[in-house]
>>> print(open('work_12.cif').read())   # mmCIF, C-alpha atoms and all ligand atoms
data_entry
#
loop_
_atom_site.label_atom_id
_atom_site.label_comp_id
_atom_site.auth_asym_id
_atom_site.auth_seq_id
_atom_site.Cartn_x
_atom_site.Cartn_y
_atom_site.Cartn_z
CA MET R 126 12.34 2.91 49.51
CA ALA R 127 10.35 2.26 52.68
CA ASN R 128 12.15 0.44 55.51
CA GLN R 129 15.53 0.73 53.81
CA PRO R 130 18.21 2.35 55.97
CA ASP R 131 19.32 5.68 54.59
CA PRO R 132 23.05 5.32 53.84
CA GLY R 133 23.51 9.07 54.39
CA ALA R 134 21.77 9.04 57.77
CA ALA R 135 23.71 10.11 60.85
CA PRO R 136 25.00 7.20 62.94
CA GLN R 137 22.52 6.17 65.60
CA THR R 138 23.57 5.71 69.21
CA ASP R 139 23.91 1.99 70.05
CA ALA R 140 22.91 0.66 66.61
CA HIS R 141 25.62 -1.99 67.12
CA LEU R 142 24.00 -3.26 70.35
CA ALA R 143 21.02 -5.59 70.72
CA LEU R 144 17.73 -3.67 71.06
CA SER R 145 17.34 -4.63 74.71
CA LEU R 146 20.73 -3.05 75.53
CA ARG R 147 20.22 0.28 73.76
CA THR R 148 19.65 3.51 75.62
CA PRO R 149 16.09 4.50 74.65
CA LEU R 150 16.31 7.42 72.22
CA ARG R 151 13.78 8.87 69.80
CA PRO R 152 14.61 8.40 66.09
CA ASP R 153 14.92 12.19 65.74
CA ALA R 154 17.34 12.47 68.67
CA PHE R 155 19.92 14.20 66.50
CA ALA R 156 17.64 16.63 64.70
CA LEU R 157 18.92 19.55 66.80
CA SER R 158 22.44 20.92 66.82
CA GLU R 159 24.34 21.05 70.12
CA GLU R 160 23.80 24.81 70.32
CA GLU R 161 20.06 24.38 69.72
CA LYS R 162 19.92 21.81 72.51
CA ILE R 163 21.81 24.10 74.89
CA ALA R 164 19.54 27.05 74.07
CA GLY R 165 16.38 24.97 74.56
CA ILE R 166 17.52 23.35 77.81
CA SER R 167 18.63 26.77 79.17
CA GLU R 168 15.18 28.17 78.52
CA HIS R 169 13.46 25.26 80.27
CA PHE R 170 15.85 25.30 83.20
CA ARG R 171 15.30 29.03 83.59
CA HIS R 172 11.59 28.24 83.86
CA ILE R 173 12.24 25.60 86.55
CA MET R 174 14.26 28.11 88.59
CA ASP R 175 11.57 30.70 88.04
CA LEU R 176 8.90 28.29 89.32
CA LEU R 177 11.02 27.69 92.41
CA GLY R 178 10.83 31.43 93.03
CA LEU R 179 14.49 32.14 92.42
CA ASP R 180 15.48 35.66 91.38
CA LEU R 181 17.14 35.22 88.00
CA THR R 182 18.38 38.79 88.00
CA ASP R 183 20.74 37.90 90.87
CA ASP R 184 24.23 37.88 89.38
CA SER R 185 25.07 34.48 90.88
CA LEU R 186 21.95 32.83 89.44
CA ALA R 187 21.67 34.60 86.08
CA GLY R 188 24.11 32.31 84.29
CA THR R 189 22.90 29.07 85.88
CA PRO R 190 20.40 27.97 83.21
CA ARG R 191 23.03 28.08 80.49
CA ARG R 192 25.67 26.56 82.80
CA VAL R 193 23.38 23.59 83.49
CA ALA R 194 22.48 23.21 79.81
CA LYS R 195 26.15 23.18 78.78
CA MET R 196 26.95 20.68 81.53
CA PHE R 197 24.16 18.36 80.32
CA VAL R 198 25.09 18.47 76.63
CA HIS R 199 28.89 18.64 76.83
CA GLU R 200 29.57 16.63 79.98
CA TRP R 201 26.89 14.63 81.79
CA PHE R 202 25.16 13.33 78.66
CA ARG R 203 27.88 13.51 76.04
CA GLY R 204 27.74 9.70 75.74
CA LEU R 205 24.38 10.04 73.95
CA ASP R 206 26.29 11.35 70.93
CA PRO R 207 27.48 8.44 68.77
CA ALA R 208 30.36 10.61 67.53
CA GLN R 209 31.85 10.23 71.02
CA ARG R 210 32.03 6.43 70.80
CA PRO R 211 35.70 5.62 71.35
CA GLU R 212 37.63 4.03 68.57
CA VAL R 213 39.20 0.93 70.05
CA ARG R 214 42.25 -0.07 68.04
CA LEU R 215 43.75 -3.49 68.61
CA PHE R 216 47.42 -4.38 68.47
CA ASP R 217 48.99 -7.73 67.71
CA ASN R 218 49.72 -9.61 70.90
CA ARG R 219 53.40 -9.95 69.98
CA TYR R 220 54.35 -10.42 73.62
CA GLU R 221 52.13 -13.52 73.76
CA TYR R 222 50.63 -12.25 77.02
CA ASN R 223 47.90 -14.79 77.68
CA GLN R 224 46.88 -14.08 81.25
CA MET R 225 44.02 -11.93 82.44
CA LEU R 226 44.43 -8.19 82.02
CA VAL R 227 42.57 -6.13 84.60
CA GLU R 228 41.92 -2.39 84.51
CA ARG R 229 40.62 -1.64 87.99
CA ASP R 230 39.26 1.39 89.83
CA ILE R 231 38.15 3.19 86.66
CA THR R 232 36.46 6.42 87.70
CA LEU R 233 32.77 6.19 86.97
CA PHE R 234 30.47 9.17 86.90
CA SER R 235 26.96 8.64 85.59
CA CYS R 236 23.45 9.97 86.08
CA CYS R 237 20.42 8.14 87.42
CA GLU R 238 17.77 8.18 84.70
CA HIS R 239 14.96 8.08 87.27
CA HIS R 240 15.98 11.13 89.28
CA PHE R 241 18.67 12.91 87.21
CA VAL R 242 21.17 12.93 90.07
CA PRO R 243 24.70 11.49 90.00
CA ILE R 244 25.79 7.88 90.25
CA ILE R 245 29.40 7.83 91.45
CA GLY R 246 31.62 4.79 91.64
CA LYS R 247 34.26 2.60 90.12
CA ALA R 248 34.30 0.13 87.28
CA HIS R 249 36.66 -2.81 87.04
CA VAL R 250 37.06 -4.55 83.69
CA ALA R 251 39.10 -7.54 82.58
CA TYR R 252 39.67 -9.57 79.46
CA LEU R 253 41.70 -12.56 78.34
CA PRO R 254 43.91 -11.54 75.42
CA GLY R 255 44.07 -13.80 72.40
CA GLN R 256 45.80 -12.63 69.25
CA HIS R 257 45.16 -8.99 70.11
CA VAL R 258 45.73 -6.55 72.94
CA VAL R 259 44.17 -3.14 73.39
CA GLY R 260 45.51 0.26 74.49
CA LEU R 261 44.69 0.49 78.20
CA SER R 262 43.08 3.92 78.08
CA LYS R 263 40.47 2.62 75.62
CA LEU R 264 39.03 0.49 78.42
CA ASN R 265 38.53 3.65 80.52
CA ARG R 266 37.06 5.46 77.50
CA VAL R 267 34.49 2.73 76.87
CA VAL R 268 33.38 2.98 80.51
CA GLN R 269 33.12 6.77 80.27
CA TYR R 270 31.18 6.73 76.99
CA TYR R 271 28.39 4.56 78.38
CA ALA R 272 28.45 6.21 81.81
CA ARG R 273 27.87 9.71 80.43
CA ARG R 274 24.18 9.17 79.81
CA PRO R 275 21.00 8.83 81.84
CA GLN R 276 21.47 5.29 83.13
CA VAL R 277 20.48 2.41 85.32
CA GLN R 278 23.46 0.49 86.62
CA GLU R 279 22.36 -2.84 85.16
CA ARG R 280 22.17 -1.48 81.59
CA LEU R 281 25.45 0.39 82.01
CA THR R 282 27.20 -2.81 83.09
CA ARG R 283 25.85 -4.80 80.16
CA GLN R 284 26.54 -2.06 77.60
CA ILE R 285 30.19 -1.86 78.67
CA ALA R 286 30.56 -5.66 78.57
CA GLU R 287 28.97 -5.92 75.13
CA GLU R 288 31.06 -3.08 73.70
CA LEU R 289 34.24 -4.71 75.03
CA LYS R 290 33.25 -8.09 73.58
CA GLN R 291 32.70 -6.55 70.17
CA SER R 292 35.74 -4.31 70.08
CA LEU R 293 38.18 -6.78 71.66
CA GLN R 294 36.79 -9.59 69.47
CA THR R 295 36.40 -11.95 72.39
CA ASP R 296 33.63 -13.02 74.75
CA ASP R 297 36.15 -13.44 77.56
CA VAL R 298 35.29 -10.19 79.29
CA ALA R 299 34.38 -9.31 82.89
CA VAL R 300 32.86 -6.06 84.15
CA LEU R 301 32.12 -5.19 87.76
CA ILE R 302 30.69 -1.86 88.87
CA GLU R 303 30.38 -0.59 92.43
CA ALA R 304 28.54 2.68 92.74
CA ASP R 305 26.75 5.06 95.07
CA HIS R 306 23.43 6.42 93.85
CA LEU R 307 22.72 9.96 95.01
CA CYS R 308 19.00 9.23 94.62
CA VAL R 309 19.33 6.64 97.37
CA MET R 310 21.71 8.76 99.48
CA SER R 311 20.21 12.23 99.32
CA ARG R 312 16.47 11.62 99.11
CA GLY R 313 13.87 8.85 99.41
CA VAL R 314 15.40 6.28 101.78
CA ASN R 315 18.33 8.67 102.53
CA ASP R 316 20.77 5.79 102.97
CA THR R 317 24.37 6.97 102.74
CA SER R 318 26.02 3.65 103.61
CA SER R 319 24.66 1.20 101.03
CA SER R 320 26.20 0.81 97.60
CA THR R 321 25.27 -1.15 94.48
CA LEU R 322 27.37 -3.85 92.84
CA THR R 323 26.66 -5.28 89.39
CA ALA R 324 28.71 -7.72 87.35
CA GLU R 325 28.71 -9.29 83.92
CA TYR R 326 30.87 -12.30 83.09
CA GLY R 327 31.24 -13.34 79.46
CA GLY R 328 32.85 -16.34 77.80
CA ARG R 329 35.35 -18.16 80.00
CA PHE R 330 34.62 -15.81 82.92
CA GLY R 331 31.06 -17.15 82.92
CA GLN R 332 32.15 -20.77 82.72
CA ASP R 333 35.15 -20.91 85.03
CA GLU R 334 34.62 -20.05 88.67
CA SER R 335 38.37 -19.93 89.38
CA LEU R 336 38.77 -17.19 86.72
CA ARG R 337 36.02 -15.17 88.37
CA ARG R 338 37.67 -15.63 91.76
CA GLU R 339 41.01 -14.53 90.32
CA PHE R 340 39.35 -11.41 88.86
CA LEU R 341 37.72 -10.60 92.19
CA ARG R 342 41.02 -11.15 94.01
CA LEU R 343 42.87 -8.85 91.61
CA ILE R 344 40.36 -6.05 92.11
CA GLY R 345 40.55 -6.53 95.88
CA LYS R 346 37.11 -8.07 96.42
N1 LIG R 401 17.37 -1.25 89.34
C1 LIG R 401 17.80 0.00 89.48
N2 LIG R 401 17.04 0.88 90.17
C2 LIG R 401 17.52 2.13 90.31
C3 LIG R 401 18.72 2.57 89.79
N3 LIG R 401 18.90 3.87 90.12
C4 LIG R 401 17.81 4.21 90.83
N4 LIG R 401 16.97 3.16 90.96
C5 LIG R 401 15.69 3.01 91.65
O1 LIG R 401 14.64 3.37 90.81
C6 LIG R 401 13.47 3.33 91.64
C7 LIG R 401 12.43 4.28 91.14
O2 LIG R 401 11.30 3.94 91.91
P1 LIG R 401 10.01 4.84 92.11
O3 LIG R 401 9.21 4.21 93.21
O4 LIG R 401 9.35 5.08 90.80
O5 LIG R 401 10.65 6.23 92.55
P2 LIG R 401 10.70 6.92 93.97
O6 LIG R 401 9.31 7.10 94.51
O7 LIG R 401 11.53 8.13 93.83
O8 LIG R 401 11.43 5.80 94.85
P3 LIG R 401 12.23 5.98 96.22
O9 LIG R 401 13.67 6.21 95.82
O10 LIG R 401 12.05 4.67 96.92
O11 LIG R 401 11.67 7.15 96.95
C8 LIG R 401 13.96 3.62 93.05
O12 LIG R 401 13.77 2.44 93.81
C9 LIG R 401 15.46 3.86 92.86
O13 LIG R 401 16.25 3.46 93.95
C10 LIG R 401 19.51 1.62 89.05
O14 LIG R 401 20.59 1.90 88.53
N5 LIG R 401 18.99 0.37 88.93
ZN ZN R 402 17.68 7.58 91.00
#
>>> encode(input="work_12.cif", output="structure tokens", more="lines below")
Ligand SMILES: Nc1nc2c(ncn2[C@@H]2O[C@H](COP(=O)(O)OP(=O)(O)OP(=O)(O)O)[C@@H](O)[C@H]2O)c(=O)[nH]1
Ligand SMILES: [Zn+2]
Amino acid sequence: MANQPDPGAAPQTDAHLALSLRTPLRPDAFALSEEEKIAGISEHFRHIMDLLGLDLTDDSLAGTPRRVAKMFVHEWFRGLDPAQRPEVRLFDNRYEYNQMLVERDITLFSCCEHHFVPIIGKAHVAYLPGQHVVGLSKLNRVVQYYARRPQVQERLTRQIAEELKQSLQTDDVAVLIEADHLCVMSRGVNDTSSSTLTAEYGGRFGQDESLRREFLRLIGK
């Protein structure tokens, strides 16, 4: 029937997020297999190198189109694949730990969606446990999943915060990202000293300035 979701359809990236927070993808984004994507991207990248006048018979360059294609699909943009969304299991908070938990200095590697060059930085996340606690590594995995896509830092920050709110079943979540954008450093304004900070404070972090200050103190800001 028209407009009814197909129960057999593949999961869509970000279907659990509000429309404004979703990474823009075409509805047929998953029509191709990974190998088909790699083959297609290789061919196009070969053409780019060709247009630049590079000699693709050189043994150092010959494998580059496929290397780049594999890097895009398997590494840089693997967070576009909803199958990679981390499963965040919660545990009972038997220890009755009720203070802020901070995971700081999470390695962040993303890609600027305007220039397709790296964004490199750190993410710091915190939450206030209620009845549940979460395995620490899942916090890093959530950051990585949303980072490994073409991104702008504002959307990345909000996607991570929203995912944590949903999976930790609390609004009491804070996310702060500090990152260097290679598009700012290596081209255009060529500024290698500036960096970009973004933050999202949910629930009690948004309401209570002393909680925010405590978070910033714990991450060394
Ligand atoms: N808000 C935001 N802007 C970003 C991010 N990453 C890159 N940009 C900016 O996106 C803008 C794109 O602007 P354009 O004027 O279309 O592109 P451009 O001519 O390459 O801009 P310049 O970098 O100033 O040379 C640039 O100002 C980038 O610095 C991000 O994560 N968030
Ligand atoms: Zn950029």
>>> residues_near_ligand(input="work_12.cif", ligand="ligand ZN 402 (chain R)", cutoff="6 Å", atoms="all atoms listed in the file", output="list of chain:residue names")
R:Cys237, R:His239, R:His240, R:Cys308
>>> atom_distance(input="work_12.cif", atom1="atom CA of R:Asp180", atom2="atom CA of R:Val242")
23.5 Å
>>> closest_residue(input="work_12.cif", among="R:Ala251, R:Ser235, R:Gln332, R:Ala286", to="R:Ala304", atoms="all atoms listed in the file")
R:Ser235
>>> closest_atom_pairs(input="work_12.cif", of="chain R", to="ligand LIG 401 (chain R)", cutoff="9 Å", atoms="only C-alpha atoms and all ligand atoms", output="tab-separated table")
residue	atom	partner	partner_atom	distance
R:Cys236	CA	R:LIG401	N3	8.6
R:Cys237	CA	R:LIG401	N3	5.3
R:Glu238	CA	R:LIG401	N3	7.0
R:His239	CA	R:LIG401	O1	5.9
R:His240	CA	R:LIG401	O7	7.0
R:Ile244	CA	R:LIG401	N3	8.0
R:Gln276	CA	R:LIG401	O14	6.4
R:Val277	CA	R:LIG401	O14	3.3
R:Gln278	CA	R:LIG401	O14	3.7
R:Glu279	CA	R:LIG401	N5	6.0
R:Arg280	CA	R:LIG401	O14	7.9
R:Leu281	CA	R:LIG401	O14	8.3
R:His306	CA	R:LIG401	N3	6.4
R:Leu307	CA	R:LIG401	C4	8.6
R:Cys308	CA	R:LIG401	O9	6.2
R:Val309	CA	R:LIG401	O13	5.6
R:Arg312	CA	R:LIG401	O11	6.9
R:Gly313	CA	R:LIG401	O11	3.7
R:Val314	CA	R:LIG401	O10	6.1
R:Asn315	CA	R:LIG401	O9	8.5
R:Thr321	CA	R:LIG401	O14	8.2
>>> atom_distance(input="work_12.cif", atom1="atom CA of R:Ser319", atom2="atom CA of R:Leu343")
22.8 Å
>>> closest_residue(input="work_12.cif", among="R:Leu261, R:Phe202, R:Glu287, R:Val267", to="R:His141", atoms="only C-alpha atoms")
R:Glu287
